[in-house]
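Engineer: Just one file: start-v8.csv, with CSV, N, CA and C atoms.
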```csv
chain,number,residue,atom,x,y,z
X,1,MET,N,96.5,100.9,100.3
X,1,MET,CA,96.2,99.8,101.2
X,1,MET,C,97.1,98.6,101.0
X,2,SER,N,97.5,98.4,99.7
X,2,SER,CA,98.4,97.3,99.5
X,2,SER,C,99.8,97.6,100.1
X,3,ALA,N,100.2,98.8,100.0
X,3,ALA,CA,101.5,99.2,100.6
X,3,ALA,C,101.6,99.0,102.1
X,4,ILE,N,100.5,99.3,102.8
X,4,ILE,CA,100.4,99.1,104.2
X,4,ILE,C,100.4,97.6,104.5
X,5,LEU,N,99.6,96.9,103.8
X,5,LEU,CA,99.6,95.4,104.0
X,5,LEU,C,101.0,94.8,103.8
X,6,ALA,N,101.7,95.2,102.7
X,6,ALA,CA,103.1,94.7,102.5
X,6,ALA,C,104.0,95.1,103.6
X,7,ALA,N,103.8,96.3,104.2
X,7,ALA,CA,104.7,96.7,105.3
X,7,ALA,C,104.4,95.9,106.6
X,8,GLU,N,103.1,95.6,106.8
X,8,GLU,CA,102.7,94.9,108.0
X,8,GLU,C,103.0,93.4,108.0
X,9,ILE,N,103.0,92.8,106.8
X,9,ILE,CA,103.2,91.4,106.7
X,9,ILE,C,104.4,91.2,105.8
X,10,SER,N,105.6,91.3,106.3
X,10,SER,CA,106.8,91.4,105.5
X,10,SER,C,107.1,90.1,104.8
X,11,GLY,N,106.6,89.0,105.2
X,11,GLY,CA,107.0,87.7,104.6
X,11,GLY,C,106.1,87.4,103.4
X,12,VAL,N,105.1,88.2,103.1
X,12,VAL,CA,104.2,87.9,102.0
X,12,VAL,C,104.3,89.1,101.0
X,13,PRO,N,104.7,88.8,99.7
X,13,PRO,CA,104.7,89.8,98.7
X,13,PRO,C,103.3,90.3,98.4
X,14,VAL,N,103.1,91.6,98.4
X,14,VAL,CA,101.8,92.1,98.0
X,14,VAL,C,102.0,93.0,96.8
X,15,TYR,N,101.1,92.7,95.8
X,15,TYR,CA,101.2,93.5,94.5
X,15,TYR,C,99.9,94.3,94.3
X,16,ALA,N,100.1,95.5,93.9
X,16,ALA,CA,99.0,96.3,93.4
X,16,ALA,C,99.2,96.3,91.8
X,17,PHE,N,98.2,95.8,91.1
X,17,PHE,CA,98.3,95.6,89.7
X,17,PHE,C,97.4,96.7,89.0
X,18,ASP,N,98.0,97.5,88.2
X,18,ASP,CA,97.2,98.5,87.5
X,18,ASP,C,97.1,98.1,86.0
X,19,PRO,N,95.9,97.7,85.6
X,19,PRO,CA,95.8,97.2,84.2
X,19,PRO,C,95.7,98.4,83.2
X,20,GLY,N,95.5,99.6,83.6
X,20,GLY,CA,95.4,100.7,82.7
X,20,GLY,C,94.0,100.8,82.3
X,21,ASP,N,93.7,101.8,81.4
X,21,ASP,CA,92.4,102.0,80.9
X,21,ASP,C,92.0,100.8,80.0
X,22,MET,N,90.8,100.3,80.1
X,22,MET,CA,90.4,99.2,79.3
X,22,MET,C,89.0,99.4,78.8
X,23,ARG,N,88.7,98.7,77.7
X,23,ARG,CA,87.5,98.8,77.0
X,23,ARG,C,86.4,97.9,77.7
X,24,THR,N,85.8,98.5,78.8
X,24,THR,CA,84.8,97.8,79.6
X,24,THR,C,83.5,98.6,79.6
X,25,GLU,N,82.5,97.9,80.0
X,25,GLU,CA,81.2,98.6,80.2
X,25,GLU,C,81.3,99.7,81.3
X,26,MET,N,82.1,99.5,82.3
X,26,MET,CA,82.2,100.4,83.4
X,26,MET,C,83.0,101.7,82.9
X,27,HIS,N,84.0,101.5,82.1
X,27,HIS,CA,84.7,102.6,81.5
X,27,HIS,C,83.8,103.4,80.5
X,28,GLN,N,83.1,102.7,79.7
X,28,GLN,CA,82.2,103.4,78.8
X,28,GLN,C,81.1,104.2,79.6
X,29,ALA,N,80.6,103.6,80.7
X,29,ALA,CA,79.6,104.3,81.5
X,29,ALA,C,80.2,105.6,82.1
X,30,ALA,N,81.5,105.6,82.3
X,30,ALA,CA,82.2,106.8,82.9
X,30,ALA,C,82.4,107.9,81.8
X,31,PHE,N,82.3,107.5,80.5
X,31,PHE,CA,82.5,108.4,79.4
X,31,PHE,C,81.4,108.2,78.4
X,32,PRO,N,80.1,108.5,78.8
X,32,PRO,CA,79.0,108.2,77.9
X,32,PRO,C,79.1,109.0,76.6
X,33,GLY,N,78.9,108.3,75.5
X,33,GLY,CA,78.9,108.9,74.2
X,33,GLY,C,80.3,109.1,73.6
X,34,GLU,N,81.3,108.7,74.3
X,34,GLU,CA,82.7,108.8,73.8
X,34,GLU,C,83.1,107.4,73.2
X,35,ASP,N,83.9,107.5,72.2
X,35,ASP,CA,84.5,106.3,71.6
X,35,ASP,C,85.7,105.8,72.4
X,36,ILE,N,85.5,104.6,73.0
X,36,ILE,CA,86.7,104.1,73.8
X,36,ILE,C,87.3,102.9,73.1
X,37,SER,N,87.0,102.8,71.8
X,37,SER,CA,87.5,101.6,71.1
X,37,SER,C,89.0,101.5,71.0
X,38,ASP,N,89.7,102.6,71.4
X,38,ASP,CA,91.2,102.6,71.4
X,38,ASP,C,91.8,102.0,72.7
X,39,ARG,N,90.9,101.8,73.6
X,39,ARG,CA,91.4,101.2,74.9
X,39,ARG,C,91.6,99.7,74.7
X,40,ALA,N,92.5,99.1,75.5
X,40,ALA,CA,92.8,97.7,75.5
X,40,ALA,C,91.6,96.8,75.9
X,41,GLU,N,91.5,95.7,75.3
X,41,GLU,CA,90.6,94.7,75.8
X,41,GLU,C,91.1,94.1,77.1
X,42,PRO,N,90.2,93.8,78.0
X,42,PRO,CA,90.6,93.3,79.3
X,42,PRO,C,91.5,92.1,79.2
X,43,GLU,N,91.3,91.2,78.3
X,43,GLU,CA,92.1,90.0,78.2
X,43,GLU,C,93.5,90.2,77.7
X,44,SER,N,93.7,91.4,77.2
X,44,SER,CA,95.1,91.8,76.7
X,44,SER,C,96.1,92.0,77.8
X,45,VAL,N,95.6,92.3,79.0
X,45,VAL,CA,96.5,92.5,80.2
X,45,VAL,C,96.8,91.2,81.0
X,46,VAL,N,96.1,90.1,80.6
X,46,VAL,CA,96.3,88.9,81.4
X,46,VAL,C,97.7,88.4,81.3
X,47,PRO,N,98.4,88.4,80.2
X,47,PRO,CA,99.8,87.9,80.2
X,47,PRO,C,100.7,88.7,81.1
X,48,ALA,N,100.4,90.0,81.2
X,48,ALA,CA,101.2,90.8,82.2
X,48,ALA,C,101.0,90.4,83.6
X,49,LEU,N,99.7,90.2,84.0
X,49,LEU,CA,99.4,89.8,85.3
X,49,LEU,C,100.0,88.4,85.6
X,50,LEU,N,99.9,87.5,84.7
X,50,LEU,CA,100.4,86.1,84.9
X,50,LEU,C,101.9,86.2,85.0
X,51,GLY,N,102.6,87.1,84.2
X,51,GLY,CA,104.0,87.3,84.3
X,51,GLY,C,104.4,87.8,85.6
X,52,LEU,N,103.7,88.7,86.2
X,52,LEU,CA,103.9,89.2,87.5
X,52,LEU,C,103.9,88.1,88.5
X,53,LEU,N,102.9,87.3,88.4
X,53,LEU,CA,102.7,86.2,89.4
X,53,LEU,C,103.8,85.1,89.2
X,54,ASP,N,104.2,84.9,88.0
X,54,ASP,CA,105.2,83.9,87.7
X,54,ASP,C,106.6,84.3,88.1
X,55,THR,N,107.0,85.6,88.0
X,55,THR,CA,108.3,86.1,88.3
X,55,THR,C,108.5,86.5,89.8
X,56,ARG,N,107.4,86.8,90.4
X,56,ARG,CA,107.4,87.2,91.8
X,56,ARG,C,108.4,88.2,92.2
X,57,PRO,N,108.4,89.4,91.5
X,57,PRO,CA,109.3,90.5,91.9
X,57,PRO,C,109.0,91.0,93.3
X,58,ALA,N,109.8,92.0,93.7
X,58,ALA,CA,109.5,92.6,95.0
X,58,ALA,C,108.1,93.2,95.1
X,59,ALA,N,107.6,93.2,96.3
X,59,ALA,CA,106.2,93.8,96.5
X,59,ALA,C,106.2,95.2,96.0
X,60,GLY,N,105.1,95.6,95.5
X,60,GLY,CA,104.9,97.0,95.0
X,60,GLY,C,103.8,97.1,94.0
X,61,ARG,N,103.8,98.3,93.4
X,61,ARG,CA,102.7,98.6,92.4
X,61,ARG,C,103.3,98.4,91.1
X,62,TYR,N,102.6,97.7,90.2
X,62,TYR,CA,103.0,97.4,88.9
X,62,TYR,C,102.0,97.7,87.9
X,63,ARG,N,102.4,98.4,86.8
X,63,ARG,CA,101.4,98.7,85.7
X,63,ARG,C,101.6,97.6,84.6
X,64,ALA,N,100.5,97.2,84.0
X,64,ALA,CA,100.6,96.2,82.9
X,64,ALA,C,101.5,96.6,81.8
X,65,THR,N,101.5,97.9,81.4
X,65,THR,CA,102.3,98.4,80.3
X,65,THR,C,103.8,98.3,80.7
X,66,ASP,N,104.1,98.6,81.9
X,66,ASP,CA,105.5,98.5,82.4
X,66,ASP,C,106.0,97.0,82.4
X,67,LEU,N,105.1,96.1,82.8
X,67,LEU,CA,105.5,94.7,82.9
X,67,LEU,C,105.9,94.2,81.5
X,68,THR,N,105.1,94.5,80.5
X,68,THR,CA,105.3,93.9,79.2
X,68,THR,C,106.4,94.6,78.5
X,69,VAL,N,106.6,95.9,78.7
X,69,VAL,CA,107.6,96.7,78.1
X,69,VAL,C,109.0,96.5,78.7
X,70,ALA,N,109.0,96.5,80.1
X,70,ALA,CA,110.2,96.5,80.8
X,70,ALA,C,110.8,95.1,80.9
X,71,GLY,N,110.1,94.1,80.4
X,71,GLY,CA,110.6,92.8,80.5
X,71,GLY,C,110.6,92.1,81.8
X,72,VAL,N,109.7,92.5,82.7
X,72,VAL,CA,109.6,91.8,84.0
X,72,VAL,C,109.2,90.4,83.8
X,73,ARG,N,108.4,90.2,82.7
X,73,ARG,CA,107.9,88.8,82.4
X,73,ARG,C,109.1,87.9,82.0
X,74,ALA,N,109.0,86.7,82.5
X,74,ALA,CA,110.1,85.7,82.1
X,74,ALA,C,109.9,85.2,80.7
```
Represent the structure from my file as structure tokens, please.
Structural biologist:
Amino acid sequence: MSAILAAEISGVPVYAFDPGDMRTEMHQAAFPGEDISDRAEPESVVPALLGLLDTRPAAGRYRATDLTVAGVRA
């Protein structure tokens, strides 16, 4: 849906942000009885999201791990 929006409104950058698997109640509910303690805490991806908004790269889909590893953040 974000790709369609980006194509239809060319002057507005549209980002799809994928935070990855996180340690949330919803994720735990999807995997009852499994240990998800190795998943990232939700607040750990906030710097990547803020970096995306600060740097304003081209519209597209961005993964939190790629943003922090690839140096998209300023």
Engineer: For each of X:Ile9, X:Ala16, X:Ala64, X:Ile4, take the minimum atom-to-atom distance to Ser44 in chain X, counting all atoms listed in the file, then give the residue where this is smallest.
Structural biologist: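 Nearest candidate to Ser44 in chain X out of X:Ile9, X:Ala16, X:Ala64, X:Ile4: X:Ala64.
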Engineer: List every residue of chain X that DSSP, applied to the backbone of this structure, assigns to strand (DSSP E or B), and report them as a list in words.
Structural biologist: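 Matching residues, listed in order: Tyr15, Ala16, Phe17, Asp18, Met22, Ala40, Gly60, Arg61, Tyr62 and Arg63 of chain X.
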Engineer: Using N, CA and C atoms, can you export the residues from the last selection as a PDB file, in the coordinates of the input?
Structural biologist:
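Once written, selection-v6.pdb looks like this:
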```pdb
ATOM      1  N   TYR X  15     101.100  92.700  95.800  1.00  0.00           N
ATOM      2  CA  TYR X  15     101.200  93.500  94.500  1.00  0.00           C
ATOM      3  C   TYR X  15      99.900  94.300  94.300  1.00  0.00           C
ATOM      4  N   ALA X  16     100.100  95.500  93.900  1.00  0.00           N
ATOM      5  CA  ALA X  16      99.000  96.300  93.400  1.00  0.00           C
ATOM      6  C   ALA X  16      99.200  96.300  91.800  1.00  0.00           C
ATOM      7  N   PHE X  17      98.200  95.800  91.100  1.00  0.00           N
ATOM      8  CA  PHE X  17      98.300  95.600  89.700  1.00  0.00           C
ATOM      9  C   PHE X  17      97.400  96.700  89.000  1.00  0.00           C
ATOM     10  N   ASP X  18      98.000  97.500  88.200  1.00  0.00           N
ATOM     11  CA  ASP X  18      97.200  98.500  87.500  1.00  0.00           C
ATOM     12  C   ASP X  18      97.100  98.100  86.000  1.00  0.00           C
ATOM     13  N   MET X  22      90.800 100.300  80.100  1.00  0.00           N
ATOM     14  CA  MET X  22      90.400  99.200  79.300  1.00  0.00           C
ATOM     15  C   MET X  22      89.000  99.400  78.800  1.00  0.00           C
ATOM     16  N   ALA X  40      92.500  99.100  75.500  1.00  0.00           N
ATOM     17  CA  ALA X  40      92.800  97.700  75.500  1.00  0.00           C
ATOM     18  C   ALA X  40      91.600  96.800  75.900  1.00  0.00           C
ATOM     19  N   GLY X  60     105.100  95.600  95.500  1.00  0.00           N
ATOM     20  CA  GLY X  60     104.900  97.000  95.000  1.00  0.00           C
ATOM     21  C   GLY X  60     103.800  97.100  94.000  1.00  0.00           C
ATOM     22  N   ARG X  61     103.800  98.300  93.400  1.00  0.00           N
ATOM     23  CA  ARG X  61     102.700  98.600  92.400  1.00  0.00           C
ATOM     24  C   ARG X  61     103.300  98.400  91.100  1.00  0.00           C
ATOM     25  N   TYR X  62     102.600  97.700  90.200  1.00  0.00           N
ATOM     26  CA  TYR X  62     103.000  97.400  88.900  1.00  0.00           C
ATOM     27  C   TYR X  62     102.000  97.700  87.900  1.00  0.00           C
ATOM     28  N   ARG X  63     102.400  98.400  86.800  1.00  0.00           N
ATOM     29  CA  ARG X  63     101.400  98.700  85.700  1.00  0.00           C
ATOM     30  C   ARG X  63     101.600  97.600  84.600  1.00  0.00           C
TER      31      ARG X  63
END
```
Engineer: Nearest to Pro42 in chain X among X:Pro19, X:Pro57, X:Val12, X:Ala30, with distances taken over only C-alpha atoms: which residue is it?
Structural biologist: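 Smallest separation from Pro42 in chain X among the options: X:Pro19.
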Engineer: What does the distance between atom N of Tyr62 in chain X and atom C of Phe31 in chain X come to in Å, to one decimal place?
Structural biologist: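 Straight-line distance from atom N of Tyr62 in chain X to atom C of Phe31 in chain X works out to 26.4 Å.
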Engineer: Rounded to one decimal in Å, what is the spacing between atom N of Leu53 in chain X and atom N of Thr65 in chain X?
Structural biologist: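 Atom-to-atom, atom N of Leu53 in chain X to atom N of Thr65 in chain X, that is 12.8 Å.
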Engineer: What is the distance between CA of Leu67 in chain X and CA of Pro47 in chain X, in Å to one decimal?
Structural biologist: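 Separation of CA of Leu67 in chain X and CA of Pro47 in chain X: 9.3 Å.
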Engineer: Which one of X:Asp21, X:Val14, X:Glu41, X:His27 sits closest to Arg56 in chain X if you count only C-alpha atoms?
Structural biologist: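 Nearest to Arg56 in chain X: X:Val14.
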Engineer: Run DSSP on the backbone and grab whatever in chain X lands in helix (DSSP H, G or I); send it over as a PyMOL selection string.
Structural biologist: chain X and resi 2-8+25-30+42-55+64-70
Engineer: Please produce a file of the residues just selected, as a tab-separated table (two decimals), in the frame of the given file, where the atoms kept are N, CA and C atoms.
Structural biologist:
```tsv
chain	number	residue	atom	x	y	z
X	2	SER	N	97.50	98.40	99.70
X	2	SER	CA	98.40	97.30	99.50
X	2	SER	C	99.80	97.60	100.10
X	3	ALA	N	100.20	98.80	100.00
X	3	ALA	CA	101.50	99.20	100.60
X	3	ALA	C	101.60	99.00	102.10
X	4	ILE	N	100.50	99.30	102.80
X	4	ILE	CA	100.40	99.10	104.20
X	4	ILE	C	100.40	97.60	104.50
X	5	LEU	N	99.60	96.90	103.80
X	5	LEU	CA	99.60	95.40	104.00
X	5	LEU	C	101.00	94.80	103.80
X	6	ALA	N	101.70	95.20	102.70
X	6	ALA	CA	103.10	94.70	102.50
X	6	ALA	C	104.00	95.10	103.60
X	7	ALA	N	103.80	96.30	104.20
X	7	ALA	CA	104.70	96.70	105.30
X	7	ALA	C	104.40	95.90	106.60
X	8	GLU	N	103.10	95.60	106.80
X	8	GLU	CA	102.70	94.90	108.00
X	8	GLU	C	103.00	93.40	108.00
X	25	GLU	N	82.50	97.90	80.00
X	25	GLU	CA	81.20	98.60	80.20
X	25	GLU	C	81.30	99.70	81.30
X	26	MET	N	82.10	99.50	82.30
X	26	MET	CA	82.20	100.40	83.40
X	26	MET	C	83.00	101.70	82.90
X	27	HIS	N	84.00	101.50	82.10
X	27	HIS	CA	84.70	102.60	81.50
X	27	HIS	C	83.80	103.40	80.50
X	28	GLN	N	83.10	102.70	79.70
X	28	GLN	CA	82.20	103.40	78.80
X	28	GLN	C	81.10	104.20	79.60
X	29	ALA	N	80.60	103.60	80.70
X	29	ALA	CA	79.60	104.30	81.50
X	29	ALA	C	80.20	105.60	82.10
X	30	ALA	N	81.50	105.60	82.30
X	30	ALA	CA	82.20	106.80	82.90
X	30	ALA	C	82.40	107.90	81.80
X	42	PRO	N	90.20	93.80	78.00
X	42	PRO	CA	90.60	93.30	79.30
X	42	PRO	C	91.50	92.10	79.20
X	43	GLU	N	91.30	91.20	78.30
X	43	GLU	CA	92.10	90.00	78.20
X	43	GLU	C	93.50	90.20	77.70
X	44	SER	N	93.70	91.40	77.20
X	44	SER	CA	95.10	91.80	76.70
X	44	SER	C	96.10	92.00	77.80
X	45	VAL	N	95.60	92.30	79.00
X	45	VAL	CA	96.50	92.50	80.20
X	45	VAL	C	96.80	91.20	81.00
X	46	VAL	N	96.10	90.10	80.60
X	46	VAL	CA	96.30	88.90	81.40
X	46	VAL	C	97.70	88.40	81.30
X	47	PRO	N	98.40	88.40	80.20
X	47	PRO	CA	99.80	87.90	80.20
X	47	PRO	C	100.70	88.70	81.10
X	48	ALA	N	100.40	90.00	81.20
X	48	ALA	CA	101.20	90.80	82.20
X	48	ALA	C	101.00	90.40	83.60
X	49	LEU	N	99.70	90.20	84.00
X	49	LEU	CA	99.40	89.80	85.30
X	49	LEU	C	100.00	88.40	85.60
X	50	LEU	N	99.90	87.50	84.70
X	50	LEU	CA	100.40	86.10	84.90
X	50	LEU	C	101.90	86.20	85.00
X	51	GLY	N	102.60	87.10	84.20
X	51	GLY	CA	104.00	87.30	84.30
X	51	GLY	C	104.40	87.80	85.60
X	52	LEU	N	103.70	88.70	86.20
X	52	LEU	CA	103.90	89.20	87.50
X	52	LEU	C	103.90	88.10	88.50
X	53	LEU	N	102.90	87.30	88.40
X	53	LEU	CA	102.70	86.20	89.40
X	53	LEU	C	103.80	85.10	89.20
X	54	ASP	N	104.20	84.90	88.00
X	54	ASP	CA	105.20	83.90	87.70
X	54	ASP	C	106.60	84.30	88.10
X	55	THR	N	107.00	85.60	88.00
X	55	THR	CA	108.30	86.10	88.30
X	55	THR	C	108.50	86.50	89.80
X	64	ALA	N	100.50	97.20	84.00
X	64	ALA	CA	100.60	96.20	82.90
X	64	ALA	C	101.50	96.60	81.80
X	65	THR	N	101.50	97.90	81.40
X	65	THR	CA	102.30	98.40	80.30
X	65	THR	C	103.80	98.30	80.70
X	66	ASP	N	104.10	98.60	81.90
X	66	ASP	CA	105.50	98.50	82.40
X	66	ASP	C	106.00	97.00	82.40
X	67	LEU	N	105.10	96.10	82.80
X	67	LEU	CA	105.50	94.70	82.90
X	67	LEU	C	105.90	94.20	81.50
X	68	THR	N	105.10	94.50	80.50
X	68	THR	CA	105.30	93.90	79.20
X	68	THR	C	106.40	94.60	78.50
X	69	VAL	N	106.60	95.90	78.70
X	69	VAL	CA	107.60	96.70	78.10
X	69	VAL	C	109.00	96.50	78.70
X	70	ALA	N	109.00	96.50	80.10
X	70	ALA	CA	110.20	96.50	80.80
X	70	ALA	C	110.80	95.10	80.90
```
